file run-v4.txt (compact mmCIF, C-alpha atoms)
# COMPACT_ATOMS: atom_id res chain seq x y z
CA MET A 1 83.94 69.82 42.90
CA ILE A 2 85.11 66.63 41.22
CA GLU A 3 82.32 64.09 41.20
CA GLY A 4 81.54 60.57 40.10
CA LEU A 5 82.11 60.06 36.40
CA ALA A 6 84.25 63.18 35.98
CA ALA A 7 86.65 61.80 38.60
CA LEU A 8 86.75 58.48 36.78
CA TYR A 9 87.55 60.26 33.49
CA ILE A 10 90.36 62.23 35.14
CA LEU A 11 91.80 58.99 36.54
CA MET A 12 91.61 57.23 33.18
CA LEU A 13 93.13 60.08 31.18
CA ALA A 14 95.87 60.80 33.72
CA GLY A 15 96.72 57.09 33.74
CA PHE A 16 97.15 57.05 29.96
CA VAL A 17 99.17 60.26 30.08
CA GLY A 18 101.54 58.73 32.62
CA TYR A 19 101.91 55.64 30.50
CA GLU A 20 102.46 57.49 27.21
CA VAL A 21 104.77 60.14 28.58
CA ILE A 22 107.51 57.68 29.43
CA SER A 23 106.77 54.83 27.03
CA ARG A 24 109.92 55.35 24.95
CA VAL A 25 112.38 56.22 27.69
CA PRO A 26 115.99 55.02 27.10
CA VAL A 27 117.50 52.67 29.71
CA ILE A 28 120.02 55.32 30.75
CA LEU A 29 117.19 57.52 32.04
CA HIS A 30 115.39 54.85 34.10
CA THR A 31 116.85 55.90 37.44
CA PRO A 32 116.63 59.69 36.89
CA LEU A 33 113.05 59.30 35.72
CA MET A 34 112.18 57.21 38.77
CA SER A 35 113.65 60.03 40.83
CA GLY A 36 111.73 62.62 38.79
CA SER A 37 108.40 60.91 39.27
CA ASN A 38 109.30 60.52 42.94
CA PHE A 39 109.64 64.31 43.03
CA VAL A 40 106.29 64.81 41.27
CA HIS A 41 104.33 62.90 43.92
CA GLY A 42 105.88 65.28 46.41
CA ILE A 43 102.75 67.32 45.61
CA VAL A 44 101.41 65.38 48.61
CA VAL A 45 102.84 68.21 50.71
CA VAL A 46 99.97 70.38 49.47
CA GLY A 47 97.43 67.89 50.81
CA ALA A 48 99.32 67.56 54.06
CA MET A 49 99.15 71.34 54.50
CA VAL A 50 95.37 71.28 54.02
CA ALA A 51 95.07 68.36 56.47
CA LEU A 52 97.14 70.22 59.07
CA GLY A 53 95.06 73.35 58.47
CA GLN A 54 91.87 71.41 59.20
CA ALA A 55 93.22 69.60 62.26
CA GLU A 56 91.58 70.47 65.55
CA THR A 57 92.68 68.11 68.33
CA PHE A 58 96.29 67.81 69.43
CA GLY A 59 96.60 64.32 67.93
CA GLU A 60 95.37 65.50 64.55
CA GLN A 61 97.72 68.47 64.59
CA LEU A 62 100.67 66.27 65.53
CA ILE A 63 100.04 63.81 62.70
CA GLY A 64 99.31 66.67 60.29
CA PHE A 65 102.58 68.32 61.28
CA ILE A 66 104.52 65.09 60.69
CA ALA A 67 102.75 64.67 57.34
CA VAL A 68 103.84 68.15 56.22
CA VAL A 69 107.43 67.47 57.34
CA LEU A 70 107.44 64.20 55.38
CA GLY A 71 105.76 65.72 52.33
CA ALA A 72 108.19 68.65 52.22
CA GLY A 73 111.06 66.17 52.53
CA ASN A 74 109.67 64.21 49.60
CA ALA A 75 109.37 67.30 47.41
CA VAL A 76 112.66 69.00 48.27
CA GLY A 77 114.76 65.84 48.47
CA GLY A 78 113.24 64.48 45.29
CA TYR A 79 114.02 67.70 43.46
CA VAL A 80 117.63 68.00 44.59
CA VAL A 81 118.43 64.34 43.89
CA THR A 82 116.83 64.47 40.42
CA GLU A 83 118.58 67.72 39.61
CA ARG A 84 121.95 66.31 40.65
CA MET A 85 121.47 63.18 38.58
CA LEU A 86 120.40 65.09 35.49
CA GLU A 87 123.34 67.43 35.91
CA MET A 88 125.33 64.65 34.28
CA PHE A 89 123.29 65.03 31.11
CA LYS A 90 124.14 68.72 30.87
CA SER A 91 126.51 68.50 27.91
CA SER A 92 123.96 66.22 26.26
CA ASP A 93 126.59 63.56 25.56
CA LYS A 94 125.39 60.13 26.44
CA ARG A 95 128.78 58.62 27.12
CA LYS A 96 128.72 59.50 30.79
CA GLU A 97 127.30 56.56 32.62
CA LYS A 98 124.46 56.98 35.04
CA GLU A 99 124.77 55.99 38.65
CA MET B 1 87.77 77.22 46.15
CA SER B 2 89.07 80.43 44.69
CA ALA B 3 89.86 80.83 41.01
CA LEU B 4 93.49 81.63 41.78
CA ILE B 5 94.03 78.30 43.53
CA GLU B 6 92.16 76.33 40.87
CA THR B 7 94.14 77.98 38.07
CA SER B 8 97.43 77.42 39.85
CA TYR B 9 96.69 73.73 40.46
CA PHE B 10 95.75 73.40 36.79
CA ALA B 11 99.03 75.03 35.74
CA THR B 12 100.89 72.73 38.14
CA ALA B 13 99.34 69.64 36.58
CA VAL B 14 100.35 70.85 33.10
CA LEU B 15 103.89 71.67 34.24
CA PHE B 16 104.26 68.22 35.88
CA ILE B 17 103.20 66.38 32.72
CA LEU B 18 105.41 68.50 30.46
CA GLY B 19 108.26 68.13 32.93
CA LEU B 20 107.98 64.34 32.99
CA LYS B 21 107.80 64.31 29.19
CA ARG B 22 111.02 66.32 28.96
CA MET B 23 112.66 64.14 31.59
CA SER B 24 112.23 61.08 29.38
CA HIS B 25 114.63 62.42 26.70
CA PRO B 26 118.35 62.81 27.45
CA THR B 27 118.72 66.21 25.78
CA THR B 28 115.79 67.88 27.53
CA ALA B 29 115.87 65.93 30.79
CA ARG B 30 117.48 68.66 32.82
CA SER B 31 114.96 71.33 31.94
CA GLY B 32 112.16 68.86 32.73
CA VAL B 33 112.87 68.76 36.44
CA ILE B 34 113.01 72.57 36.53
CA TRP B 35 109.57 72.80 34.91
CA ALA B 36 108.17 70.37 37.44
CA GLY B 37 109.92 72.30 40.21
CA VAL B 38 108.21 75.54 39.17
CA GLY B 39 104.87 73.73 39.30
CA MET B 40 105.61 72.40 42.78
CA ALA B 41 106.63 75.82 44.13
CA LEU B 42 103.51 77.41 42.66
CA ALA B 43 101.18 74.79 44.15
CA THR B 44 102.80 75.02 47.58
CA LEU B 45 102.63 78.82 47.68
CA VAL B 46 98.97 79.15 46.69
CA THR B 47 97.98 76.43 49.17
CA PHE B 48 98.68 78.90 51.97
CA LEU B 49 95.58 80.73 50.66
CA HIS B 50 93.45 77.57 50.64
CA PRO B 51 90.00 78.41 52.10
CA GLU B 52 89.70 75.11 54.01
CA ILE B 53 92.78 75.92 56.06
CA ARG B 54 91.72 77.37 59.40
CA GLY B 55 95.00 78.34 60.97
CA GLN B 56 98.23 76.64 62.01
CA TYR B 57 100.13 78.65 59.39
CA GLY B 58 103.12 78.90 61.71
CA LEU B 59 103.22 75.14 62.25
CA MET B 60 102.88 74.64 58.49
CA LEU B 61 105.81 76.89 57.71
CA LEU B 62 107.91 75.32 60.46
CA ALA B 63 107.15 71.80 59.18
CA ILE B 64 108.09 72.77 55.60
CA LEU B 65 111.32 74.34 56.81
CA ILE B 66 112.25 71.27 58.89
CA GLY B 67 111.32 68.66 56.28
CA GLY B 68 112.62 70.66 53.34
CA GLY B 69 115.78 71.71 55.15
CA VAL B 70 116.79 68.23 56.27
CA ALA B 71 116.02 66.81 52.83
CA TRP B 72 117.95 69.59 51.08
CA TRP B 73 120.96 69.09 53.31
CA SER B 74 120.99 65.31 52.99
CA ALA B 75 120.38 65.33 49.23
CA LYS B 76 123.21 67.81 48.60
CA ARG B 77 125.88 65.96 50.51
CA VAL B 78 125.12 62.37 49.53
CA ALA B 79 127.53 60.67 47.12
CA MET B 80 126.34 60.01 43.57
CA THR B 81 126.58 56.25 44.12
CA ASP B 82 124.19 56.46 47.09
CA MET B 83 121.40 58.04 45.07
CA PRO B 84 119.06 54.99 44.87
CA GLN B 85 118.62 54.76 48.62
CA MET B 86 117.98 58.50 48.81
CA ILE B 87 115.19 58.09 46.24
CA ALA B 88 113.86 55.29 48.43
CA ILE B 89 113.80 57.37 51.60
CA TYR B 90 112.24 60.45 49.94
CA ASN B 91 109.67 58.20 48.32
CA GLY B 92 108.95 56.67 51.72
CA MET B 93 108.41 60.16 53.12
CA GLY B 94 105.81 60.81 50.42
CA GLY B 95 104.01 57.59 51.29
CA GLY B 96 104.14 58.51 54.96
CA ALA B 97 102.68 61.94 54.19
CA ALA B 98 99.80 60.32 52.28
CA GLY B 99 99.23 57.98 55.23
CA GLY B 100 99.33 60.97 57.58
CA ILE B 101 96.71 62.86 55.56
CA ALA B 102 94.48 59.78 55.70
CA ALA B 103 95.03 59.46 59.45
CA VAL B 104 94.06 63.09 60.10
CA GLU B 105 90.96 62.84 57.91
CA LEU B 106 89.91 59.50 59.44
CA MET B 107 90.37 60.89 62.95
CA ARG B 108 88.22 63.89 62.04
CA VAL B 109 85.55 61.57 60.65
CA ALA B 110 85.68 59.43 63.81
CA GLY B 111 85.12 62.54 65.92
CA ASP B 112 82.33 63.89 63.73
CA PRO B 113 80.57 61.18 61.65
CA SER B 114 78.48 63.80 59.82
CA LEU B 115 81.64 64.63 57.86
CA VAL B 116 81.14 61.39 55.92
CA GLU B 117 77.97 62.81 54.41
CA SER B 118 79.75 65.91 53.12
CA HIS B 119 82.87 63.99 52.00
CA GLY B 120 80.91 61.14 50.45
CA HIS B 121 81.31 57.42 51.08
CA LEU B 122 83.48 56.88 48.02
CA ALA B 123 86.03 59.36 49.39
CA LEU B 124 86.05 57.45 52.67
CA TRP B 125 86.81 54.12 50.96
CA LEU B 126 89.46 55.71 48.74
CA GLY B 127 90.96 57.39 51.79
CA VAL B 128 91.29 54.06 53.60
CA LEU B 129 92.76 52.39 50.52
CA GLY B 130 95.21 55.29 50.11
CA ALA B 131 96.15 54.95 53.78
CA LEU B 132 96.93 51.25 53.27
CA ILE B 133 98.98 51.83 50.10
CA GLY B 134 100.78 54.87 51.47
CA SER B 135 101.76 53.10 54.70
CA VAL B 136 103.06 50.09 52.76
CA ALA B 137 105.11 52.39 50.53
CA PHE B 138 106.44 54.18 53.62
CA SER B 139 107.65 51.18 55.63
CA GLY B 140 108.76 49.26 52.54
CA SER B 141 110.83 52.20 51.34
CA VAL B 142 112.46 52.59 54.75
CA ILE B 143 113.54 48.92 54.62
CA ALA B 144 114.76 49.41 51.03
CA TRP B 145 116.77 52.42 52.17
CA ALA B 146 118.26 50.50 55.11
CA LYS B 147 119.34 47.66 52.85
CA LEU B 148 120.89 49.81 50.13
CA ASP B 149 122.59 51.98 52.71
CA GLY B 150 124.25 48.89 54.19
CA ARG B 151 122.42 49.17 57.50
CA MET B 152 120.71 45.86 56.93
CA LYS B 153 123.09 43.42 55.34
CA LYS B 154 121.07 40.29 54.77
CA ALA B 155 117.85 39.46 53.09
CA VAL B 156 115.64 38.20 55.93
CA ARG B 157 113.88 34.95 55.16
CA PHE B 158 112.15 32.48 57.42
CA ALA B 159 109.79 29.54 57.19
CA ASN B 160 106.24 30.26 56.00
CA GLN B 161 107.25 33.83 55.33
CA GLN B 162 104.84 34.30 52.46
CA GLN B 163 101.94 32.91 54.51
CA VAL B 164 102.73 35.29 57.38
CA THR B 165 102.95 38.20 54.94
CA LEU B 166 99.62 37.31 53.39
CA ALA B 167 98.01 36.93 56.82
CA ILE B 168 99.19 40.42 57.78
CA LEU B 169 97.80 41.80 54.54
CA ALA B 170 94.46 40.06 55.11
CA ALA B 171 94.24 41.42 58.65
CA ALA B 172 95.10 44.94 57.45
CA VAL B 173 92.46 44.77 54.71
CA LEU B 174 89.80 43.52 57.15
CA LEU B 175 90.60 46.31 59.60
CA GLY B 176 90.51 48.76 56.70
CA ILE B 177 87.00 47.60 55.82
CA TRP B 178 86.02 48.02 59.47
CA VAL B 179 87.44 51.55 59.45
CA ALA B 180 85.55 52.47 56.28
CA LEU B 181 82.27 50.95 57.46
CA ALA B 182 82.15 52.02 61.09
CA THR B 183 84.61 54.96 61.33
CA PRO B 184 85.91 53.70 64.70
CA GLY B 185 88.14 55.62 67.09
CA ALA B 186 91.86 55.99 67.51
CA PHE B 187 92.68 52.46 68.73
CA VAL B 188 91.34 50.59 65.69
CA LEU B 189 92.89 53.21 63.41
CA PHE B 190 96.21 52.71 65.13
CA LEU B 191 96.01 48.92 64.68
CA PHE B 192 95.08 49.37 61.03
CA PHE B 193 98.08 51.59 60.32
CA LEU B 194 100.36 49.30 62.33
CA LEU B 195 99.35 46.28 60.25
CA ALA B 196 99.69 48.21 56.98
CA LEU B 197 103.20 49.28 58.01
CA ALA B 198 104.06 45.71 58.99
CA PHE B 199 102.95 44.46 55.59
CA GLY B 200 105.27 46.94 53.86
CA VAL B 201 108.18 45.69 55.97
CA MET B 202 107.34 42.07 55.15
CA VAL B 203 107.22 42.80 51.42
CA ALA B 204 110.62 44.47 51.38
CA LEU B 205 112.46 42.17 53.84
CA PRO B 206 113.12 39.12 51.63
CA ILE B 207 114.29 41.15 48.62
CA GLY B 208 118.01 41.37 48.01
CA GLY B 209 120.05 44.45 47.15
CA ALA B 210 120.37 43.77 43.42
CA ASP B 211 116.61 43.75 42.91
CA MET B 212 116.01 46.76 45.14
CA PRO B 213 115.86 49.49 42.44
CA VAL B 214 112.95 47.70 40.79
CA VAL B 215 111.16 47.40 44.13
CA ILE B 216 111.82 51.07 44.92
CA SER B 217 110.25 51.93 41.58
CA LEU B 218 107.24 49.82 42.56
CA PHE B 219 106.90 51.62 45.90
CA ASN B 220 107.25 54.88 43.96
CA ALA B 221 104.25 53.96 41.81
CA LEU B 222 102.34 52.95 44.97
CA THR B 223 103.03 56.29 46.62
CA GLY B 224 101.70 57.98 43.48
CA LEU B 225 98.47 56.01 43.78
CA ALA B 226 98.15 56.80 47.48
CA VAL B 227 98.64 60.50 46.74
CA ALA B 228 95.94 60.35 44.05
CA MET B 229 93.51 58.70 46.49
CA GLU B 230 94.12 61.25 49.22
CA GLY B 231 93.59 63.84 46.47
CA PHE B 232 90.05 62.51 46.12
CA VAL B 233 89.54 62.79 49.87
CA LEU B 234 90.68 66.42 49.87
CA ASP B 235 89.07 67.29 46.50
CA ASN B 236 92.49 68.33 45.23
CA ALA B 237 92.81 68.00 41.45
CA ALA B 238 96.58 68.61 41.39
CA MET B 239 97.12 65.66 43.74
CA ILE B 240 94.76 63.41 41.78
CA ILE B 241 96.41 64.13 38.43
CA ALA B 242 100.02 64.11 39.61
CA GLY B 243 99.45 60.98 41.70
CA THR B 244 97.74 59.07 38.91
CA VAL B 245 100.36 60.08 36.34
CA VAL B 246 103.11 58.90 38.67
CA GLY B 247 101.18 55.73 39.47
CA ALA B 248 100.91 54.84 35.78
CA ALA B 249 104.38 56.03 34.77
CA GLY B 250 105.92 54.35 37.82
CA SER B 251 104.19 51.03 37.09
CA LEU B 252 105.44 51.09 33.49
CA LEU B 253 108.90 52.11 34.63
CA THR B 254 108.95 49.22 37.12
CA VAL B 255 108.18 46.75 34.35
CA LEU B 256 110.78 48.34 32.05
CA MET B 257 113.45 48.18 34.75
CA ALA B 258 112.68 44.55 35.51
CA LYS B 259 112.86 43.80 31.79
CA ALA B 260 116.22 45.59 31.51
CA MET B 261 117.51 43.19 34.18
CA ASN B 262 116.04 40.21 32.33
CA ARG B 263 113.73 39.47 35.23
CA SER B 264 110.00 39.56 35.52
CA LEU B 265 108.37 41.56 38.30
CA PHE B 266 106.67 38.41 39.54
CA ASN B 267 110.02 36.67 39.94
CA ILE B 268 111.50 39.55 41.87
CA LEU B 269 108.59 39.81 44.29
CA PHE B 270 107.72 36.17 44.85
CA LYS B 271 110.45 33.81 43.69
CA GLN B 272 113.38 35.36 45.53
CA PHE B 273 116.30 33.96 43.59
CA GLY B 274 119.14 35.54 41.66
CA PRO B 275 122.25 37.25 42.96
CA ALA B 276 120.50 38.36 46.12
CA SER B 277 119.91 34.85 47.42
CA ASP B 278 123.66 34.30 47.64
CA GLU B 279 123.77 36.64 50.58
CA THR B 280 121.97 34.23 52.85
CA THR B 281 124.26 31.30 52.23
call {"tool": "encode", "arguments": {"input": "run-v4.txt", "output": "C-alpha cells"}}
result
Amino acid sequence: MIEGLAALYILMLAGFVGYEVISRVPVILHTPLMSGSNFVHGIVVVGAMVALGQAETFGEQLIGFIAVVLGAGNAVGGYVVTERMLEMFKSSDKRKEKE
Amino acid sequence: MSALIETSYFATAVLFILGLKRMSHPTTARSGVIWAGVGMALATLVTFLHPEIRGQYGLMLLAILIGGGVAWWSAKRVAMTDMPQMIAIYNGMGGGAAGGIAAVELMRVAGDPSLVESHGHLALWLGVLGALIGSVAFSGSVIAWAKLDGRMKKAVRFANQQQVTLAILAAAVLLGIWVALATPGAFVLFLFFLLALAFGVMVALPIGGADMPVVISLFNALTGLAVAMEGFVLDNAAMIIAGTVVGAAGSLLTVLMAKAMNRSLFNILFKQFGPASDETT
C-alpha cells in the first residue's frame, strides 16, 4: 500500500506538520500539549489490535493481548488526563496556573 | 484494505492534526482534545473490521476494556498535582504497546521466514528499530513515573555509569541487527528486548525530579517514533502519520521545555547537575 518514496514523503510532511503545528505554543500549554500528543500516539492501540488479530501461537496471543491492554491504557488515560488539564482553560482566562 | 477503513484512518489523521493545532492555543485547547478523541474512537471502531484480523475479537474487546477501564479509573481519581507522572505512565504504556506489536510481528517472522518477503526488508529493519525505541520509552517512562510518584526517592548514580549505559545500548543495537538479519527465535528476541528495556532504565535513573518533565516529553516523542515505525510494519497510515507528527511535535516541545527551564537538553541528559543533584548529597 505505502511504498518506498511515498512513505518517505509521508514521513517528511508529517514531520513538518508536527513541527509547525506547535511552533508558537505558549509556555502555559507545554504540559497539556505534552499530554495531548501523548494521547495522539495512543493510536498504537489500533496496531496492537491488528497484531493480536494476526497472532497464532499462545505466546504471540499473550504478547498481543498485553499490547492491546497497554495501547488502550495509553489512549484512554491520555485522553482523560488531557481533558482534565484543559478543563482549567474552560473560561479562557489565562490567570489560572497550570499544574 | 476496504475503502471504509482507509477513509476512516484518513479522517483520523486529519482530526489528530487539527486537534493538536487547536490544543496549542489557550482558547481552543479544550475542543482540540475532543476532536482528537473523535478520531481515536473512529479508528478503534473500524479496526474491528480490519481484513487482516483473523479472530480473537473477544480477547481484543476484553483487553480494551481492561486497559481502558484501569486507565480511566486511575486518570479520574488522580490529583491535579500528580498529572506529570500519569502522563509518564500512559506514555510508557504506548511505548510498551509498540514494543509488543514488534514482538508479535518478529515472532511471526521467526516462525515463517517467508513473511519477510511479503513485508519487505525495510519494514523488518524499521520494526526492530521501533521495538528498540518503544522498549526504551516504556522502561524509561516507568522509572520516570516511579520517581515523580515518590516511589524512588533518589537519583541513582554510580561509577562509570555512562560507560555501562553505552555498553548496554551497544549490545542492544548489535542484537537488534542480528534480529533483523537472521530473524532468530524467541531466546534472542527476549535478550534483545531485555537489553532495550535495561537501556531505558539506565537513561532515566540518573535524572532528578526537577528535570523529569523534559525527559518525559523526550520519551513521549520517542514513543511517537516507535508508533510510526510499527505503522510501517503493519502498513497502517494512521499510525505512521500520528506517530511522526507526535515524534516531531514532541521533539520540538522537549527543546522548548528545556529552554523554558534555562537548560539545554544535552545538559539534562548527560551533565546531571542542577537542583536534582542535591538529592544525592
call {"tool": "closest_residue", "arguments": {"input": "run-v4.txt", "among": "A:Leu11, A:Val44, A:Val17, A:Leu5", "to": "Ala75 (chain A)", "atoms": "all atoms listed in the file"}}
result
A:Val44
call {"tool": "residues_around", "arguments": {"input": "run-v4.txt", "residues": "region 255-268 of chain B", "least_positions_apart": "4", "cutoff": "12 Å", "atoms": "only C-alpha atoms", "output": "VMD selection string"}}
result
(chain A and resid 19 22 to 31 33 to 34) or (chain B and resid 203 to 204 206 to 218 221 248 to 251 272 to 277)
call {"tool": "residues_around", "arguments": {"input": "run-v4.txt", "residues": "Val46 (chain A)", "least_positions_apart": "3", "cutoff": "8 Å", "atoms": "only C-alpha atoms", "output": "NGL selection string"}}
result
(:A and (43 or 49-50 or 71)) or (:B and (43-44 or 47 or 239))
call {"tool": "atom_distance", "arguments": {"input": "run-v4.txt", "atom1": "CA of Val109 (chain B)", "atom2": "CA of Gly53 (chain A)"}}
result
15.3 Å
call {"tool": "atom_distance", "arguments": {"input": "run-v4.txt", "atom1": "CA of Arg77 (chain B)", "atom2": "CA of Met88 (chain A)"}}
result
16.3 Å
call {"tool": "interface_residues", "arguments": {"input": "run-v4.txt", "of": "chain A", "to": "chain B", "cutoff": "7 Å", "atoms": "only C-alpha atoms", "output": "PyMOL selection string"}}
result
chain A and resi 1-2+11+14-15+17-19+21-22+25+29-30+33-38+40-44+46-51+53-55+60+63-65+67-74+76-81+83+86-87+89-90+92+99
call {"tool": "atom_distance", "arguments": {"input": "run-v4.txt", "atom1": "CA of Ser135 (chain B)", "atom2": "CA of Ala123 (chain B)"}}
result
17.7 Å
call {"tool": "residues_around", "arguments": {"input": "run-v4.txt", "residues": "Ala198 (chain B)", "least_positions_apart": "4", "cutoff": "10 Å", "atoms": "only C-alpha atoms", "output": "list of chain:residue names"}}
result
B:Ser135, B:Val136, B:Ser139, B:Gly140, B:Thr165, B:Ile168, B:Leu169, B:Ala172, B:Phe192, B:Phe193, B:Leu194, B:Met202, B:Val203
call {"tool": "closest_residue", "arguments": {"input": "run-v4.txt", "among": "B:Ser2, B:Glu117, B:Leu15, B:Gln85", "to": "Ile143 (chain B)", "atoms": "only C-alpha atoms"}}
result
B:Gln85
